[in-house]
Amino acid sequence: MDPDSLAKMFLQHYYKTFDTNRGGLGNLYQENSMLTFEGAKIQGSKAIIEKLVSLPFQQCLHNISTIDCQPSGPSGGMLVFASGSLQLAGEQYALIFNQMFHLAPTPQGSFFVLTLYLIVVFCSVLIPRSSLIFFVLY
């Protein structure tokens, strides 16, 4: 399977599971996996899942805007970058997120999340798309 298709399938699975059952993500991590979120570095499958489950919202919906991937190293790993919006239940405006996954191969032929960086933009101001385009081009 080509890397772009693999990255898309991985992200669809990851975000569907995150949105419905964060605890179900445990099999994607190993003891050497690391999550970096808001300056904190969290290592190990159990600690990462504890952090994800303890986030201050229970219901959410990820909407992926972009997916980019590239090979990583001679061992067959992949870097996968996703950006999009995160709609929290009961909130009027969605949050913007950027997330980078370093997927490493397993001996069984699948992948696990070696490193995960998550950046969430906590902003409640809605900027019209036309204004954003003007701002970027200006």
# chains A, B, ... in the order shown; residues from 1 in each chain; ligands from 1

call {"tool": "residues_around", "arguments": {"residues": "segment 71-87 of chain A", "least_positions_apart": "4", "cutoff": "12 Å", "atoms": "only C-alpha atoms", "output": "VMD selection string"}}
result
chain A and resid 2 to 12 14 to 15 18 to 19 57 to 67 91 to 107 109 to 124

call {"tool": "write_last_selection", "arguments": {"atoms": "C-alpha atoms", "output": "compact mmCIF listing (two decimals), in the first residue's frame"}}
result
# COMPACT_ATOMS: atom_id res chain seq x y z
CA ASP A 2 1.32 3.45 -0.83
CA PRO A 3 2.29 5.74 2.10
CA ASP A 4 -0.41 8.35 1.39
CA SER A 5 -3.19 5.75 1.52
CA LEU A 6 -1.70 4.19 4.63
CA ALA A 7 -1.48 7.59 6.35
CA LYS A 8 -5.10 8.39 5.47
CA MET A 9 -6.33 5.02 6.77
CA PHE A 10 -4.30 5.40 9.96
CA LEU A 11 -5.67 8.89 10.67
CA GLN A 12 -9.25 7.87 9.96
CA TYR A 14 -7.06 7.13 15.01
CA TYR A 15 -9.54 10.02 15.03
CA PHE A 18 -10.23 9.09 19.70
CA ASP A 19 -13.69 10.62 19.20
CA PHE A 57 -13.88 17.00 27.31
CA GLN A 58 -15.60 13.70 26.70
CA GLN A 59 -17.22 14.18 23.31
CA CYS A 60 -15.53 15.62 20.25
CA LEU A 61 -15.36 15.32 16.49
CA HIS A 62 -12.18 15.70 14.43
CA ASN A 63 -12.49 17.14 10.93
CA ILE A 64 -9.26 16.58 9.00
CA SER A 65 -8.30 19.34 6.56
CA THR A 66 -4.85 18.21 5.45
CA ILE A 67 -2.81 15.03 5.56
CA GLU A 91 -19.13 24.53 22.00
CA GLN A 92 -20.08 26.97 19.27
CA TYR A 93 -16.66 27.21 17.67
CA ALA A 94 -14.25 24.47 16.74
CA LEU A 95 -10.64 24.44 17.88
CA ILE A 96 -7.81 24.22 15.35
CA PHE A 97 -5.35 21.36 15.76
CA ASN A 98 -2.04 20.30 14.23
CA GLN A 99 -0.72 16.85 14.94
CA MET A 100 2.42 15.01 13.90
CA PHE A 101 2.83 11.26 14.23
CA HIS A 102 6.08 9.35 13.83
CA LEU A 103 4.94 5.85 12.94
CA ALA A 104 7.50 3.10 13.42
CA PRO A 105 7.22 -0.40 11.95
CA THR A 106 6.65 -3.45 14.13
CA PRO A 107 8.16 -6.90 13.46
CA GLY A 109 4.42 -5.66 9.67
CA SER A 110 2.16 -3.01 11.17
CA PHE A 111 3.00 0.36 12.74
CA PHE A 112 2.91 1.91 16.19
CA VAL A 113 3.04 5.56 17.24
CA LEU A 114 6.60 6.22 18.35
CA THR A 115 6.21 9.97 18.76
CA LEU A 116 3.12 12.16 18.78
CA TYR A 117 3.07 15.96 18.88
CA LEU A 118 -0.28 17.62 19.43
CA ILE A 119 -0.90 21.35 19.17
CA VAL A 120 -4.40 22.69 19.83
CA VAL A 121 -5.15 26.35 19.24
CA PHE A 122 -7.44 27.37 22.11
CA CYS A 123 -9.15 30.36 20.53
CA SER A 124 -12.83 31.21 20.46

call {"tool": "select_by_dssp", "arguments": {"residues": "segment 15-136 of chain A", "states": "strand (DSSP E)", "output": "number ranges by chain"}}
result
A: 29-37, 40-43, 60-72, 77-88, 95-105, 111-121

call {"tool": "atom_distance", "arguments": {"atom1": "atom CA of Glu31 of chain A", "atom2": "atom CA of Ile49 of chain A"}}
result
11.5 Å

call {"tool": "residues_around", "arguments": {"residues": "Ile48 of chain A", "least_positions_apart": "6", "cutoff": "12 Å", "atoms": "only C-alpha atoms", "output": "PyMOL selection string"}}
result
chain A and resi 22-37+40-42+54-55+113-117

call {"tool": "write_last_selection", "arguments": {"atoms": "N, CA, C and O atoms", "output": "short mmCIF file (atom, residue, chain, number, x, y, z; two decimals), in the first residue's frame"}}
result
data_model
loop_
_atom_site.label_atom_id
_atom_site.label_comp_id
_atom_site.auth_asym_id
_atom_site.auth_seq_id
_atom_site.Cartn_x
_atom_site.Cartn_y
_atom_site.Cartn_z
N ARG A 22 -11.34 6.88 23.52
CA ARG A 22 -9.90 7.18 23.60
C ARG A 22 -9.09 6.04 24.22
O ARG A 22 -7.96 5.81 23.86
N GLY A 23 -9.67 5.34 25.16
CA GLY A 23 -8.98 4.23 25.79
C GLY A 23 -8.63 3.13 24.80
O GLY A 23 -7.69 2.36 25.01
N GLY A 24 -9.35 3.05 23.69
CA GLY A 24 -9.11 2.05 22.66
C GLY A 24 -7.88 2.32 21.81
O GLY A 24 -7.53 1.51 20.95
N LEU A 25 -7.20 3.44 22.06
CA LEU A 25 -5.99 3.76 21.30
C LEU A 25 -4.74 3.10 21.87
O LEU A 25 -3.67 3.19 21.27
N GLY A 26 -4.85 2.42 23.00
CA GLY A 26 -3.70 1.86 23.68
C GLY A 26 -2.85 0.94 22.84
O GLY A 26 -1.62 0.91 22.97
N ASN A 27 -3.47 0.18 21.93
CA ASN A 27 -2.70 -0.76 21.12
C ASN A 27 -1.86 -0.06 20.04
O ASN A 27 -1.05 -0.71 19.39
N LEU A 28 -2.03 1.24 19.87
CA LEU A 28 -1.22 1.98 18.90
C LEU A 28 0.09 2.49 19.48
O LEU A 28 0.92 3.03 18.76
N TYR A 29 0.25 2.35 20.79
CA TYR A 29 1.44 2.85 21.48
C TYR A 29 2.22 1.70 22.10
O TYR A 29 1.66 0.65 22.37
N GLN A 30 3.51 1.95 22.36
CA GLN A 30 4.35 1.00 23.08
C GLN A 30 5.01 1.73 24.23
O GLN A 30 4.80 2.94 24.41
N GLU A 31 5.81 1.03 25.00
CA GLU A 31 6.42 1.65 26.18
C GLU A 31 7.44 2.73 25.84
O GLU A 31 7.71 3.60 26.65
N ASN A 32 7.99 2.71 24.63
CA ASN A 32 8.92 3.77 24.23
C ASN A 32 8.23 4.89 23.46
O ASN A 32 8.88 5.82 22.99
N SER A 33 6.91 4.84 23.31
CA SER A 33 6.16 5.91 22.65
C SER A 33 6.15 7.15 23.52
O SER A 33 6.17 7.06 24.76
N MET A 34 6.09 8.32 22.87
CA MET A 34 6.06 9.57 23.62
C MET A 34 5.06 10.54 23.01
O MET A 34 5.00 10.70 21.79
N LEU A 35 4.28 11.19 23.87
CA LEU A 35 3.34 12.24 23.51
C LEU A 35 3.88 13.56 24.06
O LEU A 35 4.27 13.63 25.23
N THR A 36 3.91 14.58 23.21
CA THR A 36 4.23 15.93 23.66
C THR A 36 2.99 16.78 23.45
O THR A 36 2.47 16.88 22.33
N PHE A 37 2.48 17.36 24.54
CA PHE A 37 1.26 18.17 24.51
C PHE A 37 1.36 19.26 25.55
O PHE A 37 1.59 18.98 26.72
N ALA A 40 4.31 19.25 27.96
CA ALA A 40 4.53 18.04 28.76
C ALA A 40 4.93 16.89 27.85
O ALA A 40 4.36 16.71 26.78
N LYS A 41 5.90 16.12 28.30
CA LYS A 41 6.33 14.93 27.58
C LYS A 41 5.87 13.71 28.39
O LYS A 41 6.24 13.55 29.55
N ILE A 42 5.05 12.90 27.77
CA ILE A 42 4.44 11.75 28.44
C ILE A 42 4.90 10.49 27.71
O ILE A 42 4.71 10.37 26.50
N SER A 54 -7.97 11.74 30.26
CA SER A 54 -8.19 12.78 31.26
C SER A 54 -8.41 14.17 30.67
O SER A 54 -8.61 15.12 31.42
N LEU A 55 -8.37 14.30 29.35
CA LEU A 55 -8.61 15.61 28.75
C LEU A 55 -9.98 16.12 29.20
O LEU A 55 -10.90 15.33 29.42
N VAL A 113 2.71 4.14 17.11
CA VAL A 113 3.04 5.56 17.24
C VAL A 113 4.25 5.67 18.15
O VAL A 113 4.15 5.41 19.36
N LEU A 114 5.38 6.03 17.57
CA LEU A 114 6.60 6.22 18.35
C LEU A 114 6.58 7.59 19.02
O LEU A 114 6.86 7.72 20.20
N THR A 115 6.25 8.60 18.24
CA THR A 115 6.21 9.97 18.76
C THR A 115 4.96 10.66 18.25
O THR A 115 4.59 10.51 17.08
N LEU A 116 4.34 11.42 19.12
CA LEU A 116 3.12 12.16 18.78
C LEU A 116 3.24 13.57 19.34
O LEU A 116 3.46 13.75 20.54
N TYR A 117 3.13 14.56 18.46
CA TYR A 117 3.07 15.96 18.88
C TYR A 117 1.67 16.45 18.60
O TYR A 117 1.14 16.25 17.51
#

call {"tool": "atom_distance", "arguments": {"atom1": "atom CA of Lys46 of chain A", "atom2": "atom CA of Thr17 of chain A"}}
result
16.3 Å

call {"tool": "closest_residue", "arguments": {"among": "A:Glu38, A:Pro56, A:Gln108, A:Asp68", "to": "Leu88 of chain A", "atoms": "only C-alpha atoms"}}
result
A:Pro56

call {"tool": "select_by_dssp", "arguments": {"residues": "chain A", "states": "alpha helix (DSSP H)", "output": "PyMOL selection string"}}
result
chain A and resi 3-20+45-53+129-137
